[in-house]
Structure formats: structure tokens, C-alpha cells
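Undergrad: The structure file final.pdb (PDB, C-alpha atoms) is provided below.
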ATOM      1  CA  MET A   6      14.183  16.900  19.569
ATOM      2  CA  LEU A   7      16.161  17.868  16.530
ATOM      3  CA  SER A   8      19.005  15.392  16.550
ATOM      4  CA  LYS A   9      17.924  12.003  17.881
ATOM      5  CA  VAL A  10      15.275   9.411  17.160
ATOM      6  CA  THR A  11      13.352   8.946  20.410
ATOM      7  CA  ALA A  12      11.724   5.891  21.966
ATOM      8  CA  ALA A  13       8.318   7.420  21.267
ATOM      9  CA  ASP A  14       9.215   7.579  17.556
ATOM     10  CA  LEU A  15      10.018   3.889  17.534
ATOM     11  CA  VAL A  16       6.738   3.087  19.313
ATOM     12  CA  VAL A  17       4.818   5.128  16.707
ATOM     13  CA  ILE A  18       6.634   3.466  13.813
ATOM     14  CA  GLY A  19       6.047   0.039  15.343
ATOM     15  CA  LEU A  20       2.321   0.739  15.715
ATOM     16  CA  LEU A  21       2.046   2.027  12.145
ATOM     17  CA  VAL A  22       3.865  -1.010  10.734
ATOM     18  CA  ALA A  23       1.666  -3.344  12.799
ATOM     19  CA  LEU A  24      -1.490  -1.567  11.587
ATOM     20  CA  GLY A  25      -0.289  -1.741   7.976
ATOM     21  CA  ILE A  26       0.517  -5.446   8.186
ATOM     22  CA  PHE A  27      -2.813  -6.141   9.916
ATOM     23  CA  LEU A  28      -4.762  -4.327   7.187
ATOM     24  CA  LEU A  29      -2.757  -6.054   4.453
ATOM     25  CA  GLY A  30      -3.534  -9.421   6.029
ATOM     26  CA  SER A  31      -7.224  -8.704   6.453
ATOM     27  CA  ALA A  32      -7.546  -7.525   2.860
ATOM     28  CA  GLY A  33      -5.520 -10.374   1.405
ATOM     29  CA  PRO A  34      -6.508 -12.672  -1.477
ATOM     30  CA  ASP A  35      -9.726 -13.668   0.290
ATOM     31  CA  GLY A  36     -10.495 -10.186   1.552
ATOM     32  CA  ALA A  37     -13.005  -7.529   0.750
ATOM     33  CA  GLY A  38     -12.290  -7.484  -2.970
ATOM     34  CA  GLY A  39     -13.963 -10.849  -2.799
ATOM     35  CA  ARG A  40     -14.737 -13.506  -5.305
ATOM     36  CA  LEU A  41     -17.993 -14.137  -6.992
ATOM     37  CA  LEU A  42     -19.484 -17.423  -7.980
ATOM     38  CA  THR A  43     -21.291 -17.140 -11.282
ATOM     39  CA  VAL A  44     -23.683 -19.958 -12.048
ATOM     40  CA  LYS A  45     -25.200 -20.176 -15.505
ATOM     41  CA  SER A  46     -27.980 -22.552 -16.280
ATOM     42  CA  LEU A  47     -29.283 -23.100 -19.797
ATOM     43  CA  LYS A  48     -32.733 -23.337 -18.309
ATOM     44  CA  SER A  49     -32.907 -20.808 -15.491
ATOM     45  CA  GLY A  50     -30.335 -18.163 -16.416
ATOM     46  CA  ILE A  51     -27.534 -16.597 -14.422
ATOM     47  CA  LEU A  52     -27.031 -16.400 -10.687
ATOM     48  CA  ILE A  53     -24.184 -14.435  -9.139
ATOM     49  CA  HIS A  54     -23.308 -15.266  -5.554
ATOM     50  CA  ASP A  55     -20.758 -13.741  -3.158
ATOM     51  CA  LEU A  56     -18.356 -16.574  -2.380
ATOM     52  CA  SER A  57     -17.817 -15.342   1.171
ATOM     53  CA  GLN A  58     -21.482 -15.994   2.014
ATOM     54  CA  ASP A  59     -22.190 -19.620   2.899
ATOM     55  CA  ALA A  60     -25.272 -20.876   1.121
ATOM     56  CA  GLN A  61     -26.970 -23.785  -0.557
ATOM     57  CA  LEU A  62     -27.974 -22.922  -4.104
ATOM     58  CA  GLU A  63     -30.547 -24.971  -5.974
ATOM     59  CA  ILE A  64     -30.211 -24.485  -9.688
ATOM     60  CA  GLU A  65     -32.828 -25.703 -12.115
ATOM     61  CA  GLY A  66     -31.221 -27.348 -15.142
ATOM     62  CA  ALA A  67     -32.355 -29.313 -18.158
ATOM     63  CA  LEU A  68     -32.726 -32.601 -16.237
ATOM     64  CA  GLY A  69     -33.581 -31.370 -12.765
ATOM     65  CA  THR A  70     -32.054 -29.645  -9.758
ATOM     66  CA  THR A  71     -28.326 -29.200  -9.255
ATOM     67  CA  VAL A  72     -27.383 -28.392  -5.671
ATOM     68  CA  ILE A  73     -24.319 -26.204  -5.152
ATOM     69  CA  VAL A  74     -23.046 -25.709  -1.618
ATOM     70  CA  VAL A  75     -20.960 -22.624  -0.833
ATOM     71  CA  GLU A  76     -18.980 -22.987   2.355
ATOM     72  CA  GLY A  77     -15.743 -21.455   3.599
ATOM     73  CA  LYS A  78     -15.198 -19.422   0.391
ATOM     74  CA  GLN A  79     -15.386 -22.594  -1.699
ATOM     75  CA  ALA A  80     -18.152 -23.998  -3.804
ATOM     76  CA  ALA A  81     -18.983 -27.586  -4.761
ATOM     77  CA  PHE A  82     -21.697 -29.394  -6.675
ATOM     78  CA  THR A  83     -23.118 -31.767  -4.085
ATOM     79  CA  SER A  84     -25.908 -33.325  -6.052
ATOM     80  CA  SER A  85     -26.922 -33.411  -9.675
ATOM     81  CA  PRO A  86     -29.439 -35.353 -11.718
ATOM     82  CA  CYS A  87     -26.867 -36.157 -14.417
ATOM     83  CA  PRO A  88     -25.851 -39.778 -15.187
ATOM     84  CA  HIS A  89     -22.105 -39.696 -14.506
ATOM     85  CA  LYS A  90     -21.803 -37.134 -11.668
ATOM     86  CA  LEU A  91     -18.567 -35.765 -13.079
ATOM     87  CA  CYS A  92     -19.490 -32.343 -11.709
ATOM     88  CA  VAL A  93     -19.908 -33.712  -8.193
ATOM     89  CA  GLY A  94     -16.630 -35.561  -8.587
ATOM     90  CA  LYS A  95     -14.814 -32.355  -9.479
ATOM     91  CA  GLY A  96     -14.947 -31.365  -5.818
ATOM     92  CA  LYS A  97     -14.484 -27.882  -4.377
ATOM     93  CA  ILE A  98     -13.518 -24.802  -6.311
ATOM     94  CA  GLY A  99     -12.431 -21.530  -4.707
ATOM     95  CA  ARG A 100      -9.797 -19.754  -6.782
ATOM     96  CA  ALA A 101     -10.506 -17.181  -9.430
ATOM     97  CA  GLY A 102     -10.833 -18.867 -12.799
ATOM     98  CA  GLU A 103     -11.797 -22.306 -11.480
ATOM     99  CA  TRP A 104     -15.002 -23.807 -12.811
ATOM    100  CA  VAL A 105     -17.303 -26.815 -12.718
ATOM    101  CA  LEU A 106     -19.427 -27.830 -15.647
ATOM    102  CA  CYS A 107     -22.330 -30.201 -15.753
ATOM    103  CA  LEU A 108     -23.083 -30.682 -19.432
ATOM    104  CA  PRO A 109     -26.110 -32.975 -19.179
ATOM    105  CA  ASN A 110     -27.947 -30.615 -16.851
ATOM    106  CA  GLY A 111     -26.643 -27.514 -18.631
ATOM    107  CA  VAL A 112     -25.127 -25.849 -15.543
ATOM    108  CA  ILE A 113     -21.738 -24.176 -15.352
ATOM    109  CA  ALA A 114     -20.295 -22.475 -12.293
ATOM    110  CA  GLU A 115     -17.171 -20.388 -12.284
ATOM    111  CA  ILE A 116     -15.293 -18.200  -9.859
ATOM    112  CA  SER A 117     -14.465 -14.666 -10.825
ATOM    113  CA  GLY A 118     -12.592 -11.978  -8.960
ATOM    114  CA  GLU A 119      -8.993 -11.023  -8.333
ATOM    115  CA  GLY A 120      -6.952 -14.097  -9.182
ATOM    116  CA  ASP A 121      -4.235 -15.791  -7.186
ATOM    117  CA  TYR A 122      -2.013 -15.932 -10.259
ATOM    118  CA  ASP A 123      -3.916 -15.155 -13.414
ATOM    119  CA  GLY A 124      -6.948 -16.288 -15.310
ATOM    120  CA  ILE A 125      -5.206 -19.348 -16.737
ATOM    121  CA  THR A 126      -3.342 -20.923 -13.848
ATOM    122  CA  PRO A 127      -5.824 -23.164 -12.027
TER     123      PRO A 127
ATOM    124  CA  MET B  17       8.452  56.653  12.076
ATOM    125  CA  THR B  18       9.921  53.261  12.894
ATOM    126  CA  ALA B  19      10.499  51.617   9.539
ATOM    127  CA  SER B  20      11.663  48.164  10.680
ATOM    128  CA  PRO B  21       8.932  45.572  10.201
ATOM    129  CA  PRO B  22       7.700  43.551  13.176
ATOM    130  CA  GLU B  23       9.724  40.486  14.086
ATOM    131  CA  GLY B  24       8.611  37.383  12.211
ATOM    132  CA  SER B  25       6.311  39.127   9.761
ATOM    133  CA  VAL B  26       6.371  38.218   6.092
ATOM    134  CA  THR B  27       8.413  41.324   5.325
ATOM    135  CA  SER B  28      11.342  40.129   7.408
ATOM    136  CA  ALA B  29      13.875  39.808   4.607
ATOM    137  CA  GLY B  30      15.936  37.042   6.178
ATOM    138  CA  ARG B  31      12.936  34.860   6.806
ATOM    139  CA  LEU B  32      11.487  35.579   3.385
ATOM    140  CA  SER B  33      14.704  34.522   1.665
ATOM    141  CA  ARG B  34      14.935  31.356   3.736
ATOM    142  CA  LEU B  35      11.320  30.539   2.895
ATOM    143  CA  GLY B  36      12.045  31.134  -0.772
ATOM    144  CA  LEU B  37      15.036  28.835  -0.569
ATOM    145  CA  LEU B  38      13.008  26.062   1.084
ATOM    146  CA  ALA B  39      10.145  26.462  -1.387
ATOM    147  CA  ALA B  40      12.537  26.372  -4.363
ATOM    148  CA  ALA B  41      14.266  23.293  -2.974
ATOM    149  CA  ALA B  42      10.886  21.632  -2.412
ATOM    150  CA  VAL B  43       9.734  22.368  -5.973
ATOM    151  CA  ALA B  44      13.036  21.107  -7.399
ATOM    152  CA  ALA B  45      12.818  17.911  -5.340
ATOM    153  CA  TYR B  46       9.173  17.459  -6.377
ATOM    154  CA  VAL B  47       9.961  17.747 -10.081
ATOM    155  CA  PHE B  48      13.113  15.632  -9.805
ATOM    156  CA  GLU B  49      11.196  12.905  -8.066
ATOM    157  CA  SER B  50       8.347  12.953 -10.581
ATOM    158  CA  LEU B  51      10.908  12.229 -13.284
ATOM    159  CA  LEU B  52      12.435   9.241 -11.501
ATOM    160  CA  PRO B  53      11.334   5.865 -12.801
ATOM    161  CA  SER B  54       9.278   4.013 -10.216
ATOM    162  CA  PRO B  55       7.909   0.466 -10.088
ATOM    163  CA  VAL B  56       4.491   1.918  -9.278
ATOM    164  CA  PRO B  57       3.792   5.283 -10.892
ATOM    165  CA  TRP B  58       2.098   6.877  -7.882
ATOM    166  CA  ALA B  59       4.482   5.571  -5.197
ATOM    167  CA  ARG B  60       7.111   8.198  -4.474
ATOM    168  CA  ILE B  61       9.638   8.787  -1.731
ATOM    169  CA  GLY B  62       8.338  12.238  -0.887
ATOM    170  CA  LEU B  63      11.749  13.914  -1.009
ATOM    171  CA  SER B  64      10.120  17.335  -1.280
ATOM    172  CA  ASN B  65       8.423  16.729   2.075
ATOM    173  CA  VAL B  66      11.847  17.068   3.665
ATOM    174  CA  PHE B  67      11.653  20.802   3.026
ATOM    175  CA  VAL B  68       8.085  21.143   4.268
ATOM    176  CA  ILE B  69       9.081  19.380   7.499
ATOM    177  CA  THR B  70      12.185  21.539   7.773
ATOM    178  CA  ALA B  71      10.043  24.669   7.367
ATOM    179  CA  LEU B  72       7.574  23.407   9.975
ATOM    180  CA  PHE B  73      10.243  22.788  12.587
ATOM    181  CA  ALA B  74      12.427  25.781  11.841
ATOM    182  CA  PHE B  75       9.790  28.442  11.140
ATOM    183  CA  GLY B  76       6.373  27.143  12.185
ATOM    184  CA  ALA B  77       3.101  25.948  10.704
ATOM    185  CA  ARG B  78       2.209  29.061   8.699
ATOM    186  CA  ASP B  79       5.485  29.071   6.782
ATOM    187  CA  ALA B  80       5.349  25.310   6.247
ATOM    188  CA  LEU B  81       1.885  25.770   4.737
ATOM    189  CA  LEU B  82       3.310  28.365   2.330
ATOM    190  CA  VAL B  83       6.198  26.098   1.313
ATOM    191  CA  ASN B  84       3.749  23.244   0.821
ATOM    192  CA  LEU B  85       1.312  25.275  -1.300
ATOM    193  CA  ILE B  86       4.114  26.651  -3.464
ATOM    194  CA  ARG B  87       5.497  23.158  -3.895
ATOM    195  CA  VAL B  88       2.173  21.586  -4.867
ATOM    196  CA  ILE B  89       1.077  24.384  -7.185
ATOM    197  CA  ALA B  90       4.420  25.137  -8.854
ATOM    198  CA  GLY B  91       5.425  21.466  -8.955
ATOM    199  CA  ASN B  92       2.185  20.389 -10.617
ATOM    200  CA  PHE B  93       2.332  23.292 -13.053
ATOM    201  CA  LEU B  94       5.845  22.302 -14.082
ATOM    202  CA  MET B  95       4.930  18.648 -14.506
ATOM    203  CA  GLY B  96       1.697  19.408 -16.358
ATOM    204  CA  PHE B  97      -0.512  17.742 -13.726
ATOM    205  CA  MET B  98      -2.346  20.928 -12.802
ATOM    206  CA  PHE B  99      -6.024  20.296 -11.959
ATOM    207  CA  SER B 100      -5.660  16.617 -12.836
ATOM    208  CA  PRO B 101      -6.532  13.926 -10.274
ATOM    209  CA  ALA B 102      -2.816  13.846  -9.364
ATOM    210  CA  PHE B 103      -3.021  17.483  -8.306
ATOM    211  CA  VAL B 104      -6.146  16.892  -6.211
ATOM    212  CA  PHE B 105      -4.454  13.914  -4.546
ATOM    213  CA  SER B 106      -1.304  15.810  -3.743
ATOM    214  CA  LEU B 107      -3.069  18.914  -2.465
ATOM    215  CA  ALA B 108      -5.495  16.991  -0.240
ATOM    216  CA  GLY B 109      -2.844  14.563   1.042
ATOM    217  CA  SER B 110      -0.109  17.069   1.759
ATOM    218  CA  THR B 111      -2.363  19.672   3.375
ATOM    219  CA  SER B 112      -3.904  17.135   5.769
ATOM    220  CA  ALA B 113      -0.462  15.703   6.496
ATOM    221  CA  LEU B 114       0.813  19.165   7.328
ATOM    222  CA  ALA B 115      -2.171  19.831   9.610
ATOM    223  CA  VAL B 116      -1.462  16.608  11.504
ATOM    224  CA  MET B 117       2.265  17.339  11.718
ATOM    225  CA  ALA B 118       1.645  20.877  12.971
ATOM    226  CA  LEU B 119      -0.655  19.556  15.715
ATOM    227  CA  LEU B 120       1.915  16.909  16.664
ATOM    228  CA  ARG B 121       4.732  19.426  16.783
ATOM    229  CA  TRP B 122       2.624  21.695  18.944
ATOM    230  CA  ARG B 123       1.517  19.074  21.468
ATOM    231  CA  LEU B 124       3.642  15.948  21.198
ATOM    232  CA  VAL B 125       7.124  16.918  20.217
ATOM    233  CA  PRO B 126       8.947  16.441  23.456
ATOM    234  CA  PRO B 127       8.171  12.700  23.410
ATOM    235  CA  LEU B 128       8.255  12.480  19.609
ATOM    236  CA  SER B 129      11.030  13.744  17.370
ATOM    237  CA  VAL B 130      11.052  14.976  13.780
ATOM    238  CA  VAL B 131      11.181  11.348  12.626
ATOM    239  CA  GLY B 132       8.003  10.298  14.447
ATOM    240  CA  VAL B 133       6.146  13.396  13.276
ATOM    241  CA  SER B 134       7.330  12.776   9.724
ATOM    242  CA  CYS B 135       6.130   9.140   9.806
ATOM    243  CA  LEU B 136       2.670  10.107  11.036
ATOM    244  CA  GLY B 137       2.528  12.886   8.458
ATOM    245  CA  ALA B 138       3.459  10.559   5.596
ATOM    246  CA  VAL B 139       0.912   7.975   6.737
ATOM    247  CA  THR B 140      -1.754  10.710   6.957
ATOM    248  CA  ASN B 141      -0.868  11.816   3.438
ATOM    249  CA  ASN B 142      -1.285   8.275   2.109
ATOM    250  CA  VAL B 143      -4.460   7.490   4.032
ATOM    251  CA  VAL B 144      -6.081  10.735   2.861
ATOM    252  CA  GLN B 145      -5.098   9.957  -0.723
ATOM    253  CA  VAL B 146      -6.726   6.525  -0.494
ATOM    254  CA  ILE B 147      -9.860   8.191   0.937
ATOM    255  CA  VAL B 148      -9.859  10.743  -1.901
ATOM    256  CA  PHE B 149      -9.440   7.865  -4.352
ATOM    257  CA  THR B 150     -12.501   6.175  -2.835
ATOM    258  CA  LEU B 151     -14.527   9.389  -3.094
ATOM    259  CA  LEU B 152     -13.453  10.066  -6.702
ATOM    260  CA  PHE B 153     -13.804   6.552  -8.087
ATOM    261  CA  SER B 154     -16.224   5.022  -5.546
ATOM    262  CA  ALA B 155     -14.201   1.825  -5.411
ATOM    263  CA  ALA B 156     -14.217   0.955  -1.731
ATOM    264  CA  GLY B 157     -13.120  -2.652  -2.305
ATOM    265  CA  VAL B 158      -9.975  -1.604  -4.127
ATOM    266  CA  ALA B 159      -9.310   1.094  -1.528
ATOM    267  CA  ARG B 160      -9.495  -1.394   1.325
ATOM    268  CA  GLY B 161      -6.966  -3.583  -0.416
ATOM    269  CA  LEU B 162      -4.636  -0.608  -0.896
ATOM    270  CA  MET B 163      -4.878   0.843   2.615
ATOM    271  CA  GLY B 164      -2.510  -1.560   4.410
ATOM    272  CA  GLY B 165       0.196  -1.216   1.788
ATOM    273  CA  PHE B 166      -0.098   2.554   1.768
ATOM    274  CA  ILE B 167       0.224   2.738   5.551
ATOM    275  CA  LEU B 168       3.387   0.577   5.445
ATOM    276  CA  LEU B 169       4.778   2.634   2.578
ATOM    277  CA  GLY B 170       3.997   5.855   4.465
ATOM    278  CA  ALA B 171       5.748   4.646   7.605
ATOM    279  CA  GLY B 172       8.895   3.695   5.672
ATOM    280  CA  VAL B 173       8.987   6.806   3.536
ATOM    281  CA  GLY B 174       8.210   9.049   6.524
ATOM    282  CA  PHE B 175      11.067   7.492   8.480
ATOM    283  CA  PHE B 176      13.485   8.219   5.643
ATOM    284  CA  THR B 177      12.343  11.800   5.006
ATOM    285  CA  GLY B 178      12.246  12.411   8.770
ATOM    286  CA  LEU B 179      15.893  11.355   9.086
ATOM    287  CA  VAL B 180      16.901  13.660   6.237
ATOM    288  CA  ALA B 181      14.928  16.581   7.736
ATOM    289  CA  MET B 182      16.489  15.851  11.122
ATOM    290  CA  ALA B 183      19.961  15.967   9.584
ATOM    291  CA  ILE B 184      19.203  19.296   7.902
ATOM    292  CA  LEU B 185      17.727  20.773  11.088
ATOM    293  CA  SER B 186      20.690  19.731  13.201
ATOM    294  CA  LYS B 187      23.405  20.702  10.695
ATOM    295  CA  VAL B 188      22.043  23.885   9.152
ATOM    296  CA  ARG B 189      21.459  26.965  11.280
ATOM    297  CA  LEU B 190      17.920  27.660  10.097
ATOM    298  CA  GLU B 191      16.785  28.208  13.669
ATOM    299  CA  THR B 192      18.711  31.479  13.859
ATOM    300  CA  ALA B 193      16.029  33.018  11.648
ATOM    301  CA  ARG B 194      13.363  32.815  14.277
ATOM    302  CA  PRO B 195      12.540  30.471  17.102
ATOM    303  CA  VAL B 196       9.251  28.549  17.042
ATOM    304  CA  ASP B 197       6.068  30.564  16.390
TER     305      ASP B 197
END
Give the structure from the file, written as C-alpha cells.

TA:
Amino acid sequence: MLSKVTAADLVVIGLLVALGIFLLGSAGPDGAGGRLLTVKSLKSGILIHDLSQDAQLEIEGALGTTVIVVEGKQAAFTSSPCPHKLCVGKGKIGRAGEWVLCLPNGVIAEISGEGDYDGITP
Amino acid sequence: MTASPPEGSVTSAGRLSRLGLLAAAAVAAYVFESLLPSPVPWARIGLSNVFVITALFAFGARDALLVNLIRVIAGNFLMGFMFSPAFVFSLAGSTSALAVMALLRWRLVPPLSVVGVSCLGAVTNNVVQVIVFTLLFSAAGVARGLMGGFILLGAGVGFFTGLVAMAILSKVRLETARPVD
């Protein structure tokens, strides 16, 4: 008891390490801290959405309705009344600091939260 | 007219001096460690816990509690952390850790050794500190992110301090003072 590490000790240490690694994994970059999708529309104001909740957001803009689909912790503009559809072409965003802007319709969406690298690296 | 104090009471001079020695060593280790540079300011090895664990195994839970209280109070006074959040964290963490370690020593020490008890104690200390953090700052999201890392850190640190305590307990004849409780 006072001079040797026992098998039970090793089992306990193993369990603790496993628990620690499990919790680290489950609270990783996409974990509870979570990212928020902030959508600002010049016409209808600001909407903040939890990126981990799948949803279809319909945002009223200057020209009409922009549809933003949130799925699998990523967001994308799927339809927009603007002439060139650059925002739809931008595709999915999911990392902190990424954004999509639709200038004609006056809608900007950006991801905030704990970043993968920093606020600058895309 | 028997003047000799009862065996194992606080007035037993041998035990008192050994307790004083352990408490002084714990305070010295606590202050020394607070002065060490660390990559993260609140992550420490817990060197002073070696002496709390030694007291627990050599003298029992009551004496370990004394060593721990002296360490936390004197250590925080010396470092100027008294009544700051750091003091609250260390008091809450170390007292719960000691409670867990005393229970383990009482019930589970034949299968476990000092090292296993020390690991579980260190993890308890860290988990309780994260809980206290959540209560003080109501930041559950941050706390959840910290928990895994703190459990890993506790396991590693507890293993190390457990080995050191084990070496002290096997090399130094503290047990001659008094057997377990």
C-alpha cells in the first residue's frame, strides 16, 4: 500500500484519462461554446442564430427575401433576389470570422464565436 | 495524577512536531510553486499536496485537514491572495479533495495505493474548482470546455504527487508516530 503502484491505481488513472479525453473531444471547436450566426439586414434588423440548430431563415432585404439554410453547423445563402447571386455562389460558411454579404439585398451574415485560428484567418 | 496526555491527542509532542514539520513543508512548497513561472497562471503541479497526502496516510484525516488548512491559509497570506478568488478556489478544491481522499483511504486502500488516491484527489480538486468557477462567473460554456483538460491535468499531476508521497511514506519513518486513526 505504501510502496507500489497497484493494478487498481492504473485502472483508475486509465478511466480518468479516458474521461478527460472524452470531455475534451465533446467540448472541442464545435462544442458547447458554440458559434453564432449573426444576420444583419438593412431592412429588417439583426437576427442571431445558434449555428448548432438546423434551420431555414428567411430574411427580408431591400429587394426581397434571402433564404439562409443552417445545416450541420454551417450556413449558406440558398436563394436571393439579387441579380448576380454572388452570395449564393459563396457557398457554406462555418468557421468563426467567415461571412457572406449580399450587397444588393442589404444582407450580411457572419459567424462569431471561438475561432479556429483567429479572427483574420478564414 | 497521571500527567501523560492520551495517545494520539493534539498534545502528544512527537505528533505535534511532525505535524508542524509537514505543515511548514506544505506552506514552503505552496509559496515556492506560486513563484514558479507557468504557461498557464492557474495550472500548478500541486507540490504542497505531497505533504497533505503524507499527513493523511501517516497520521489520518484529522491531521491532514489541519496541514491542509494551515497550508491554504498561511500560503495565501504569504502570497497576498487572501480572500481573493484564488483563495476561495484553493480552499474549496483542496478541502473537497481531502474529503474524497480520506474516504478512499478508509474504504478503498487495499486495492488502491497512495498513487490512485492522489490521482482521484487531484481530479476532485480540479473538478471542484471548475464548478466554483461556474458558480462565481456563471460561465457554463467556458467551464464545459475547461473540464476535460482539467481532469487530464489532475490525473497527471496526481500521479506525480502520489509517487512523491509514496516515496516519502516508504523512506521516512513517519508511521512510528502513530498508526492509522

Undergrad: With 7 Å as the limit and counting all atoms listed in the file, what residues in chain B lie close to chain A? Please list them as a list in words.

TA: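 The answer, sorted by residue number, is Pro126, Pro127, Leu128, Ser129, Val130, Val131, Gly132, Cys135, Gly157, Val158, Arg160, Gly161, Met163, Gly164, Gly165, Ile167, Leu168, Ala171, Met182, Leu185 and Ser186 of chain B.
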
Undergrad: Could you list, as a list of chain:residue names, every residue matched by the PyMOL selection byres ((chain A and resi 103) around 7) in this structure?

TA: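 Residues picked by the PyMOL selection byres ((chain A and resi 103) around 7): A:Ile98, A:Gly99, A:Arg100, A:Ala101, A:Gly102, A:Trp104, A:Glu115, A:Ile116, A:Pro127.
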
Undergrad: Could you give me, as a list of chain:residue names, the residues within 12 Å of Leu37 in chain B, counting all atoms listed in the file and dropping anything in the same chain fewer than 6 positions from it?

TA: B:Gly30, B:Arg31, B:Val43, B:Ala44, B:Phe67, B:Val68, B:Thr70, B:Ala71, B:Val83, B:Ile86, B:Arg87, B:Leu190

Undergrad: With C-alpha atoms retained, could you export that selection as an mmCIF file, in the coordinates of the input?

TA:
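Done, and the output landed in again00.cif:
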data_model
loop_
_atom_site.group_PDB
_atom_site.id
_atom_site.type_symbol
_atom_site.label_atom_id
_atom_site.label_comp_id
_atom_site.auth_asym_id
_atom_site.auth_seq_id
_atom_site.Cartn_x
_atom_site.Cartn_y
_atom_site.Cartn_z
ATOM 1 C CA GLY B 30 15.936 37.042 6.178
ATOM 2 C CA ARG B 31 12.936 34.860 6.806
ATOM 3 C CA VAL B 43 9.734 22.368 -5.973
ATOM 4 C CA ALA B 44 13.036 21.107 -7.399
ATOM 5 C CA PHE B 67 11.653 20.802 3.026
ATOM 6 C CA VAL B 68 8.085 21.143 4.268
ATOM 7 C CA THR B 70 12.185 21.539 7.773
ATOM 8 C CA ALA B 71 10.043 24.669 7.367
ATOM 9 C CA VAL B 83 6.198 26.098 1.313
ATOM 10 C CA ILE B 86 4.114 26.651 -3.464
ATOM 11 C CA ARG B 87 5.497 23.158 -3.895
ATOM 12 C CA LEU B 190 17.920 27.660 10.097
#

Undergrad: Might you pull out every residue within 10 Å of Leu56 in chain A, with only C-alpha atoms counted and same-chain residues fewer than 4 positions away left off, and present them as a VMD selection string?

TA: chain A and resid 35 39 to 43 60 75 to 80 99 116 to 118

Undergrad: Please report the interatomic distance between CA of Ser54 in chain B and CA of Leu107 in chain B in Å with one decimal.

TA: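 Answer for the CA of Ser54 in chain B to CA of Leu107 in chain B separation: 20.8 Å.
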